[in-house]
Amino acid sequence: MPATPTNVPEPSRTDPALLRNFCIIAHIDHGKSTLADRMLQLTGVVDQRQMRAQYLDRMDIERERGITIKSQAVRLPWAPSEGEEKSGTTHILNMIDTPGHVDFTYEVSRSLAACEGCILLVDAAQGIEAQTLANLYLAMENDLTIIPVLNKIDLPAAQPEKFAAELANLVGCDPADVLKVSAKTGVGVPELLNKVVREVPAPVGVKDAPARAMIFDSVYDAYRGVVTYVKVVDGTLRKRERIRMMSTGAAHELLEIGTNSPEMKSADGLSVGEVGYLITGVKDVRQSKVGDTITQLSNGATEALGGYKDPKPMVFSGLYPLDGSDYPELREALDKLQLNDAALVYEPETSAALGFGFRVGFLGLLHLEVIRERLEREFGLDLIATAPNVVYRVDMEDGAEHIVTNPSEFPTGKIDQVHEPVVRGTILAPSEFIGAIMELCQNRRGALLGMDYLSEDRVEIRYTLPLAEVVFDFFDQLKSKTRGYASLDYEPTGEQTSDLVKVDILLHGDKVDAFSAITHKDKAYAYGVRLVAKLRELIPRQNFEVPIQAAIGSRVIARETVRAIRKDVLAKCYGGDISRKRKLLEKQKEGKKRMKMVGSVEVPQEAFIAVLSSDSDGDSKAKK
Amino acid sequence: MPSALPDGEPMPEDGALPGHALAGAAGRPLGFYLHVPYCATRCGYCDFNTYTASELRGSGGALASRDNYADTVAAEIRLAREVLGADPRPVETVFVGGGTPTLLPAADLGRMLAAVREEFGLAPDAEITTEANPESVDPRYLAELREAGFNRISFGMQSARQHVLKILDRTHTPGRPEACVAEARAAGFDHVNLDLIYGTPGETDDDWRASLDAAIGAGPDHVSAYALIVEEGTQLARRIRRGEVPMTDDDVHADRYLIAEERFTAAGFHWYEVSNWATSAAGRCRHNELYWTGADWWGAGPGAHSHVGGVRWWNAKHPGAYAQALAEGRSPGAGREILADEDRRVERILLELRLADGCPLDLLAPAGARAAARALADGLLEPGPYDRGRAVLTLRGRLLADAVVRDLVD
């Protein structure tokens with residue numbers, strides 16, 4: 001192990017030539033956290049005693065405390081120990097964290113934009129996965145220097161040769177250049193750090209220009225307010241300086257500025273090329289947006305850095321408290337989550353079937369699941385979530401345009417065109433599953449963009465798919481058709497016009513808004529038949545016959561009937577039965593409270609959950 | 001009575017009642033239910049609190065023995081006298097049920113009845129009923145019962161069809177219950193009931209009609225007809241779960257009920273409770289009417305339930321534990337509940353609505369009254385009685401009685 005570096009340069013006084021800003025791109029479970037831990041140890045920022053597994057990955061602690069203390073960027077001193085003229089000089093390595101998921105492509109792109117290089121970390125037993133590939137392409141688009149690395153070479157199932165060839169093929173290097181490490185044992189990690197110093201370019205900025213710092217993450221902390229992570233591209237930011245957010249023009253004072261190693265450590269400032277955090281006292285991450293440029297209030301820059309985008313929700317779902325009286329708690333919980341999630345949008349919504357709730361917009365399906373799970377686990381709410389839908393743009397013949405985020409608001413009348421969002425989906429899988437994958441994608445109205453062999457038996461298949469098709473159990477289907485081997489990534493690429501219709505479900509003649517769905521015309525009939533059959537199973541018999549219909553406009557496309565109940569009486573009610581019968585009655589009355597009245601029909605909450613939930617087996621198939 | 005006991009508060013050791021329970025008692029009739037927890041064999045559908053000899057062997061010792069069972073019950077009747085204190089009411093009805101009461105010698109049933117007579121006295125026109133199994137009585141036994149004071153007898157006929165009786169594990173042969181009615185009449189019983197069960201797996205509409213015709217033809221003045229309830233934990237429930245016999249659909253039960261109503265009406269029987277029909281007002285079971293009208297009754301025997309003035313309690317379930325308590329001079333009560341006013345209102349609605357006389361509309365809260373108006377509009381309540389201030393179920397309403405009750409108690 002190398003000695004602890006000496007003469008470590010201080011923040012705001014570091015020569016940009018000694019800076020290396022990099023990130024690690026890896027699939028979940030491919031060992032990113034373990035590798036980061038080894039780096040913390042090797043560079044001496046965390047001593048052996050403090051070391052605990054996955055130091056940076058503190059999600060559990062976060063959950064327990066309900067606060068966020070992520071280390072988005074860690075400053076690591078490193079003096080290369082081998083060859084080269086710079087051997088022995090202490091460099092500053094900034095390791096920048098990237099969110100790992102498909103829904104956060106924009107956040108990933110901003111993190112990547114803060115780096116000059118990236119480590120592409122791949123499990124030597126698994127090979128590259130679709131999300132990793134997508135992020136690799138992003139990194140390449142950002143002109144980052146790629147350092148391909150195979151991890152877990154100590155595993156018996158490792159196939160380093162095979163996957164080194166695959167990586168070399170992707171990155172365009174020699175298989176021999178692919179580093180082989182074991183983050184677990186530490187083998188190869190010093191060499192990797194040396195390589196980062198050697199190959200990742202130093203940041204290039206203008207030292208004497210007005211400061212321009214790019215926000216690549218923004219995190220709400222219950223104690224400190226919003227902690228903003230920036231890379232200073234030009235100039236210098238100093239503490240207690242007045243700053244300005246260039247997208248909004250809002251001014252703030254820099255209460256604190258500093259670096260993480262890995263705990264927050266305040267400094268005098270951050271200079272060109274450096275990465276660190278700043279605190280301005282704002283309480284809401286939407287006031288400190290990812291991608292925005294920070295400059296000085298007086299004599300600041302006039303031109304913002306490129307690449308800023310407002311987060312745009314792609315998937316919507318209605319969230320309703322199971323118990324209507326929890327509505328204020330749901331609002332409060334959403335308000336709290338929004339402090340730390342600039343992409344979360346919501347507005348109150350009333351459903352005839354489900355009562356008061358919110359229409360919530362998400363970046364994607366995972367984002368939806370994460371938010372829903374946090375609402376249920378951290379805030380103890382029982383929720384009904386309507387089936388997720390995408391945003392439709394409907395042009396009417398009279399020239400009016402409607403933006404539809406809730407299927408029940410799909411306009412009636414003469415529709416000229418309906419536009420739906422589409423994504424570019426990338427699927428990586430063993431080649432034996434090509435047929436199954438293509439069949440699935442064709443079924444989901446996909447258009448093949450291309451296919452490439454990554455290695456002899458692994459393919460990358462690219463499709464244009466309507467996002468609406470992806471949000472309904474596409475991933476589950478993909479996994480089941482490929483025995484879990486396929487991985488999926490997708491990114492929005494625009495919209496297309498499609499022959500879409502709204503299918504309504506009517507119970508006893510009354511439209512149930514929560515069950516309305518927008519589907520392709522060719523699939524409307526199958527959707528209607530399936531949902532109607534499902535509801536017939538779930539709706540208990542009532543005192544009268546209940547027709548269940550699926551309709552497009554006024555045209556009924558499917559119908560089932562829940563026959564009237566004819567017998568609901570206990571045969572015997574004698575002396576010993578009375579207490580039991582009264583208690584049963586009390587229980588039944590409780591059950592009645594859990595019924596939602598849809599017109600005159602009592603529908604158990606369970607029916608809504610079963611039909612709407614996208615995560616339970618079988619149920620999800622009913623609403624493709 | 002189904003064997004599972006409700007949850008409740010503990011019973012005081014001496015069985016004492018809160019003072020208010022006896023307030024106004026003079027205005028309420030008092031009855032006795034005497035439970036006999038023995039059967040020769042356990043029927044596959046039955047979850048009542050009853051035991052075969054082999055089930056009791058080794059678990060209850062001498063205390064659970066049926067040889068001295070009559071004395072044990074007599075001990076509880078003496079306890080009842082102490083608890084009810086100076087209550088001057090004579091007993092209006094006695095009902096011996098089981099289990100199989102007629103598994104005991106007629107003299108034992110007589111001794112139990114005698115204990116009631118000694119401690120409380122019987123009203124001059126008291127109704128004294130025992131249940132009986134068709135195969136366990138003969139003319140001599142029936143004569144002994146009459147001699148002991150019984151004037152009403154109820155036979156478990158269940159069905160006239162062999163294959164139905166077999167599913168139910170009933171051991172008597174078809175025709176025997178009808179013969180019992182004649183023997184009971186000959187022995188001088190004023191009132192005779194036959195119990196029928198419909199909806200047994202494998203029973204057809206025609207089987208049911210045959211059972212009804214056979215029962216009516218035998219000339220009882222009262223018939224109870226019950227839809228078969230498949231109780232959890234019974235042999236029959238297990239057989240249905242394993243798919244050995246089919247479960248009967250609720251719609252089939254509804255059809256059978258309508259068939260029964262049709263046959264009974266044609267034969268001059270009138271319904272007076274959802275599952276009970278009688279040829280005249282005098283033929284109604286007055287004891288059961290005590291249950292349905294909030295009267296007082298003392299249930300003696302293991303697992304028996306009692307009610308006095310808004311206090312319900314129930315005895316220890318096992319014959320051994322029951323007898324042990326009495327032997328030690330303690331109340332055999334295992335738990336009780338003291339009904340709040342709202343509980344009593346709800347109970348009145350759920351019990352009285354099952355009766356042909358119905359329940360008074362002024363018992364209903366505003367939401368319940370609105371529900372009653374809807375039920376009337378839906379054809380579940382009779383318009384005539386409704387106009388006179390009573391909620392009385394129509395034929396369709398009887399089949400949906402529980403649903404109507406759920407709405408009316410709001």
# chains A, B, ... in the order shown; residues from 1 in each chain; ligands from 1
>>> select_by_dssp(residues="segment 58-181 of chain B", states="strand (DSSP E or B)", output="MDAnalysis selection string")
chainID B and resid 91:98 122:132 152:158
>>> write_last_selection(atoms="N, CA and C atoms", output="PDB file, in the first residue's frame")
ATOM      1  N   VAL B  91     -91.045 -20.708  35.110  1.00  0.00           N
ATOM      2  CA  VAL B  91     -90.403 -20.926  33.822  1.00  0.00           C
ATOM      3  C   VAL B  91     -91.455 -21.203  32.754  1.00  0.00           C
ATOM      4  N   GLU B  92     -91.378 -20.434  31.658  1.00  0.00           N
ATOM      5  CA  GLU B  92     -92.385 -20.568  30.586  1.00  0.00           C
ATOM      6  C   GLU B  92     -92.043 -21.667  29.592  1.00  0.00           C
ATOM      7  N   THR B  93     -90.732 -21.840  29.344  1.00  0.00           N
ATOM      8  CA  THR B  93     -90.323 -22.849  28.360  1.00  0.00           C
ATOM      9  C   THR B  93     -89.062 -23.554  28.827  1.00  0.00           C
ATOM     10  N   VAL B  94     -88.967 -24.830  28.495  1.00  0.00           N
ATOM     11  CA  VAL B  94     -87.726 -25.586  28.691  1.00  0.00           C
ATOM     12  C   VAL B  94     -87.432 -26.277  27.368  1.00  0.00           C
ATOM     13  N   PHE B  95     -86.172 -26.226  26.970  1.00  0.00           N
ATOM     14  CA  PHE B  95     -85.801 -26.854  25.699  1.00  0.00           C
ATOM     15  C   PHE B  95     -84.534 -27.660  25.941  1.00  0.00           C
ATOM     16  N   VAL B  96     -84.631 -28.965  25.721  1.00  0.00           N
ATOM     17  CA  VAL B  96     -83.449 -29.811  25.873  1.00  0.00           C
ATOM     18  C   VAL B  96     -82.879 -30.067  24.478  1.00  0.00           C
ATOM     19  N   GLY B  97     -81.642 -29.648  24.291  1.00  0.00           N
ATOM     20  CA  GLY B  97     -81.042 -29.792  22.965  1.00  0.00           C
ATOM     21  C   GLY B  97     -79.657 -30.406  23.052  1.00  0.00           C
ATOM     22  N   GLY B  98     -79.075 -30.608  21.888  1.00  0.00           N
ATOM     23  CA  GLY B  98     -77.764 -31.269  21.939  1.00  0.00           C
ATOM     24  C   GLY B  98     -76.949 -30.961  20.718  1.00  0.00           C
ATOM     25  N   LEU B 122     -92.852 -24.440  37.116  1.00  0.00           N
ATOM     26  CA  LEU B 122     -93.186 -24.312  35.706  1.00  0.00           C
ATOM     27  C   LEU B 122     -94.527 -23.618  35.581  1.00  0.00           C
ATOM     28  N   ALA B 123     -94.629 -22.725  34.589  1.00  0.00           N
ATOM     29  CA  ALA B 123     -95.922 -22.091  34.324  1.00  0.00           C
ATOM     30  C   ALA B 123     -96.909 -23.182  33.924  1.00  0.00           C
ATOM     31  N   PRO B 124     -98.215 -22.987  34.182  1.00  0.00           N
ATOM     32  CA  PRO B 124     -99.191 -24.051  33.930  1.00  0.00           C
ATOM     33  C   PRO B 124     -99.172 -24.517  32.478  1.00  0.00           C
ATOM     34  N   ASP B 125     -98.958 -23.572  31.529  1.00  0.00           N
ATOM     35  CA  ASP B 125     -98.978 -23.976  30.111  1.00  0.00           C
ATOM     36  C   ASP B 125     -97.565 -24.036  29.545  1.00  0.00           C
ATOM     37  N   ALA B 126     -96.594 -24.318  30.390  1.00  0.00           N
ATOM     38  CA  ALA B 126     -95.200 -24.279  29.941  1.00  0.00           C
ATOM     39  C   ALA B 126     -94.986 -25.213  28.743  1.00  0.00           C
ATOM     40  N   GLU B 127     -94.108 -24.751  27.802  1.00  0.00           N
ATOM     41  CA  GLU B 127     -93.738 -25.570  26.639  1.00  0.00           C
ATOM     42  C   GLU B 127     -92.450 -26.304  26.986  1.00  0.00           C
ATOM     43  N   ILE B 128     -92.522 -27.643  26.987  1.00  0.00           N
ATOM     44  CA  ILE B 128     -91.355 -28.435  27.392  1.00  0.00           C
ATOM     45  C   ILE B 128     -90.942 -29.303  26.202  1.00  0.00           C
ATOM     46  N   THR B 129     -89.804 -28.920  25.581  1.00  0.00           N
ATOM     47  CA  THR B 129     -89.378 -29.576  24.340  1.00  0.00           C
ATOM     48  C   THR B 129     -88.117 -30.389  24.567  1.00  0.00           C
ATOM     49  N   THR B 130     -88.012 -31.490  23.863  1.00  0.00           N
ATOM     50  CA  THR B 130     -86.685 -32.096  23.727  1.00  0.00           C
ATOM     51  C   THR B 130     -86.437 -32.424  22.266  1.00  0.00           C
ATOM     52  N   GLU B 131     -85.145 -32.333  21.912  1.00  0.00           N
ATOM     53  CA  GLU B 131     -84.743 -32.823  20.596  1.00  0.00           C
ATOM     54  C   GLU B 131     -84.586 -34.327  20.702  1.00  0.00           C
ATOM     55  N   ALA B 132     -84.765 -35.008  19.564  1.00  0.00           N
ATOM     56  CA  ALA B 132     -84.641 -36.470  19.597  1.00  0.00           C
ATOM     57  C   ALA B 132     -84.111 -36.947  18.266  1.00  0.00           C
ATOM     58  N   ARG B 152     -93.527 -31.370  23.908  1.00  0.00           N
ATOM     59  CA  ARG B 152     -93.160 -31.037  22.531  1.00  0.00           C
ATOM     60  C   ARG B 152     -91.891 -31.805  22.207  1.00  0.00           C
ATOM     61  N   ILE B 153     -91.801 -32.302  20.959  1.00  0.00           N
ATOM     62  CA  ILE B 153     -90.601 -33.069  20.597  1.00  0.00           C
ATOM     63  C   ILE B 153     -90.179 -32.680  19.180  1.00  0.00           C
ATOM     64  N   SER B 154     -88.865 -32.644  18.994  1.00  0.00           N
ATOM     65  CA  SER B 154     -88.304 -32.193  17.722  1.00  0.00           C
ATOM     66  C   SER B 154     -87.368 -33.274  17.196  1.00  0.00           C
ATOM     67  N   PHE B 155     -87.704 -33.805  16.002  1.00  0.00           N
ATOM     68  CA  PHE B 155     -86.893 -34.885  15.432  1.00  0.00           C
ATOM     69  C   PHE B 155     -85.971 -34.353  14.339  1.00  0.00           C
ATOM     70  N   GLY B 156     -84.745 -34.807  14.341  1.00  0.00           N
ATOM     71  CA  GLY B 156     -83.809 -34.446  13.282  1.00  0.00           C
ATOM     72  C   GLY B 156     -84.007 -35.363  12.090  1.00  0.00           C
ATOM     73  N   MET B 157     -84.857 -34.950  11.176  1.00  0.00           N
ATOM     74  CA  MET B 157     -85.149 -35.769   9.995  1.00  0.00           C
ATOM     75  C   MET B 157     -84.106 -35.504   8.899  1.00  0.00           C
ATOM     76  N   GLN B 158     -83.835 -34.248   8.641  1.00  0.00           N
ATOM     77  CA  GLN B 158     -82.842 -33.749   7.670  1.00  0.00           C
ATOM     78  C   GLN B 158     -83.238 -34.016   6.226  1.00  0.00           C
TER      79      GLN B 158
END
>>> residues_around(residues="Thr132 of chain A", least_positions_apart="6", cutoff="12 Å", atoms="only C-alpha atoms", output="ChimeraX atom specification")
/A:24-30,32,98-102,105,108,118-123,138-139,148,167,170,426-428,487-490
>>> closest_residue(among="A:Val390, A:Val423, A:Met246, A:Ile565", to="His253 of chain B", atoms="only C-alpha atoms")
A:Ile565
>>> interface_residues(of="chain B", to="chain A", cutoff="7 Å", atoms="only C-alpha atoms", output="list in words")
Met1, Pro6, Tyr226, Ala227, Asp250, Asp251, Ala254, Ser275, Asn288, Tyr291, Ala304, His305, Glu347, Leu399, Leu400, Ala401, Asp402, Ala403 and Arg406 of chain B
>>> closest_residue(among="B:Ala266, B:Ala107, B:Cys285, B:Leu113", to="Leu194 of chain B", atoms="only C-alpha atoms")
B:Cys285
>>> decode(residues="segment 375-391 of chain B", atoms="N, CA and C atoms", output="PDB file, in the first residue's frame")
ATOM      1  N   ALA B 375     -85.173  -0.247   0.781  1.00  0.00           N
ATOM      2  CA  ALA B 375     -85.473  -1.678   0.763  1.00  0.00           C
ATOM      3  C   ALA B 375     -86.928  -1.905   0.354  1.00  0.00           C
ATOM      4  N   LEU B 376     -87.795  -1.000   0.789  1.00  0.00           N
ATOM      5  CA  LEU B 376     -89.204  -1.093   0.394  1.00  0.00           C
ATOM      6  C   LEU B 376     -89.322  -0.932  -1.122  1.00  0.00           C
ATOM      7  N   ALA B 377     -88.613   0.081  -1.639  1.00  0.00           N
ATOM      8  CA  ALA B 377     -88.659   0.345  -3.081  1.00  0.00           C
ATOM      9  C   ALA B 377     -88.073  -0.815  -3.874  1.00  0.00           C
ATOM     10  N   ASP B 378     -87.063  -1.486  -3.276  1.00  0.00           N
ATOM     11  CA  ASP B 378     -86.428  -2.617  -3.961  1.00  0.00           C
ATOM     12  C   ASP B 378     -87.228  -3.908  -3.823  1.00  0.00           C
ATOM     13  N   GLY B 379     -88.361  -3.838  -3.141  1.00  0.00           N
ATOM     14  CA  GLY B 379     -89.186  -5.043  -3.002  1.00  0.00           C
ATOM     15  C   GLY B 379     -88.696  -5.999  -1.938  1.00  0.00           C
ATOM     16  N   LEU B 380     -87.917  -5.500  -0.980  1.00  0.00           N
ATOM     17  CA  LEU B 380     -87.401  -6.374   0.076  1.00  0.00           C
ATOM     18  C   LEU B 380     -88.264  -6.295   1.341  1.00  0.00           C
ATOM     19  N   LEU B 381     -89.071  -5.233   1.462  1.00  0.00           N
ATOM     20  CA  LEU B 381     -89.956  -5.090   2.621  1.00  0.00           C
ATOM     21  C   LEU B 381     -91.402  -5.029   2.131  1.00  0.00           C
ATOM     22  N   GLU B 382     -92.299  -5.565   2.976  1.00  0.00           N
ATOM     23  CA  GLU B 382     -93.732  -5.578   2.639  1.00  0.00           C
ATOM     24  C   GLU B 382     -94.310  -4.174   2.817  1.00  0.00           C
ATOM     25  N   PRO B 383     -95.053  -3.678   1.796  1.00  0.00           N
ATOM     26  CA  PRO B 383     -95.603  -2.318   1.879  1.00  0.00           C
ATOM     27  C   PRO B 383     -96.663  -2.157   2.979  1.00  0.00           C
ATOM     28  N   GLY B 384     -97.555  -3.146   3.143  1.00  0.00           N
ATOM     29  CA  GLY B 384     -98.633  -3.008   4.126  1.00  0.00           C
ATOM     30  C   GLY B 384     -98.103  -2.753   5.531  1.00  0.00           C
ATOM     31  N   PRO B 385     -97.294  -3.688   6.067  1.00  0.00           N
ATOM     32  CA  PRO B 385     -96.736  -3.482   7.405  1.00  0.00           C
ATOM     33  C   PRO B 385     -95.893  -2.216   7.488  1.00  0.00           C
ATOM     34  N   TYR B 386     -95.192  -1.885   6.406  1.00  0.00           N
ATOM     35  CA  TYR B 386     -94.353  -0.687   6.414  1.00  0.00           C
ATOM     36  C   TYR B 386     -95.215   0.541   6.719  1.00  0.00           C
ATOM     37  N   ASP B 387     -96.396   0.593   6.081  1.00  0.00           N
ATOM     38  CA  ASP B 387     -97.294   1.732   6.315  1.00  0.00           C
ATOM     39  C   ASP B 387     -97.786   1.757   7.758  1.00  0.00           C
ATOM     40  N   ARG B 388     -97.790   0.573   8.389  1.00  0.00           N
ATOM     41  CA  ARG B 388     -98.217   0.516   9.792  1.00  0.00           C
ATOM     42  C   ARG B 388     -97.026   0.629  10.746  1.00  0.00           C
ATOM     43  N   GLY B 389     -95.853   0.986  10.171  1.00  0.00           N
ATOM     44  CA  GLY B 389     -94.701   1.253  11.038  1.00  0.00           C
ATOM     45  C   GLY B 389     -93.855   0.037  11.351  1.00  0.00           C
ATOM     46  N   ARG B 390     -93.957  -1.017  10.516  1.00  0.00           N
ATOM     47  CA  ARG B 390     -93.115  -2.190  10.782  1.00  0.00           C
ATOM     48  C   ARG B 390     -92.360  -2.606   9.527  1.00  0.00           C
ATOM     49  N   ALA B 391     -91.088  -3.026   9.746  1.00  0.00           N
ATOM     50  CA  ALA B 391     -90.283  -3.557   8.650  1.00  0.00           C
ATOM     51  C   ALA B 391     -90.466  -5.071   8.638  1.00  0.00           C
TER      52      ALA B 391
END
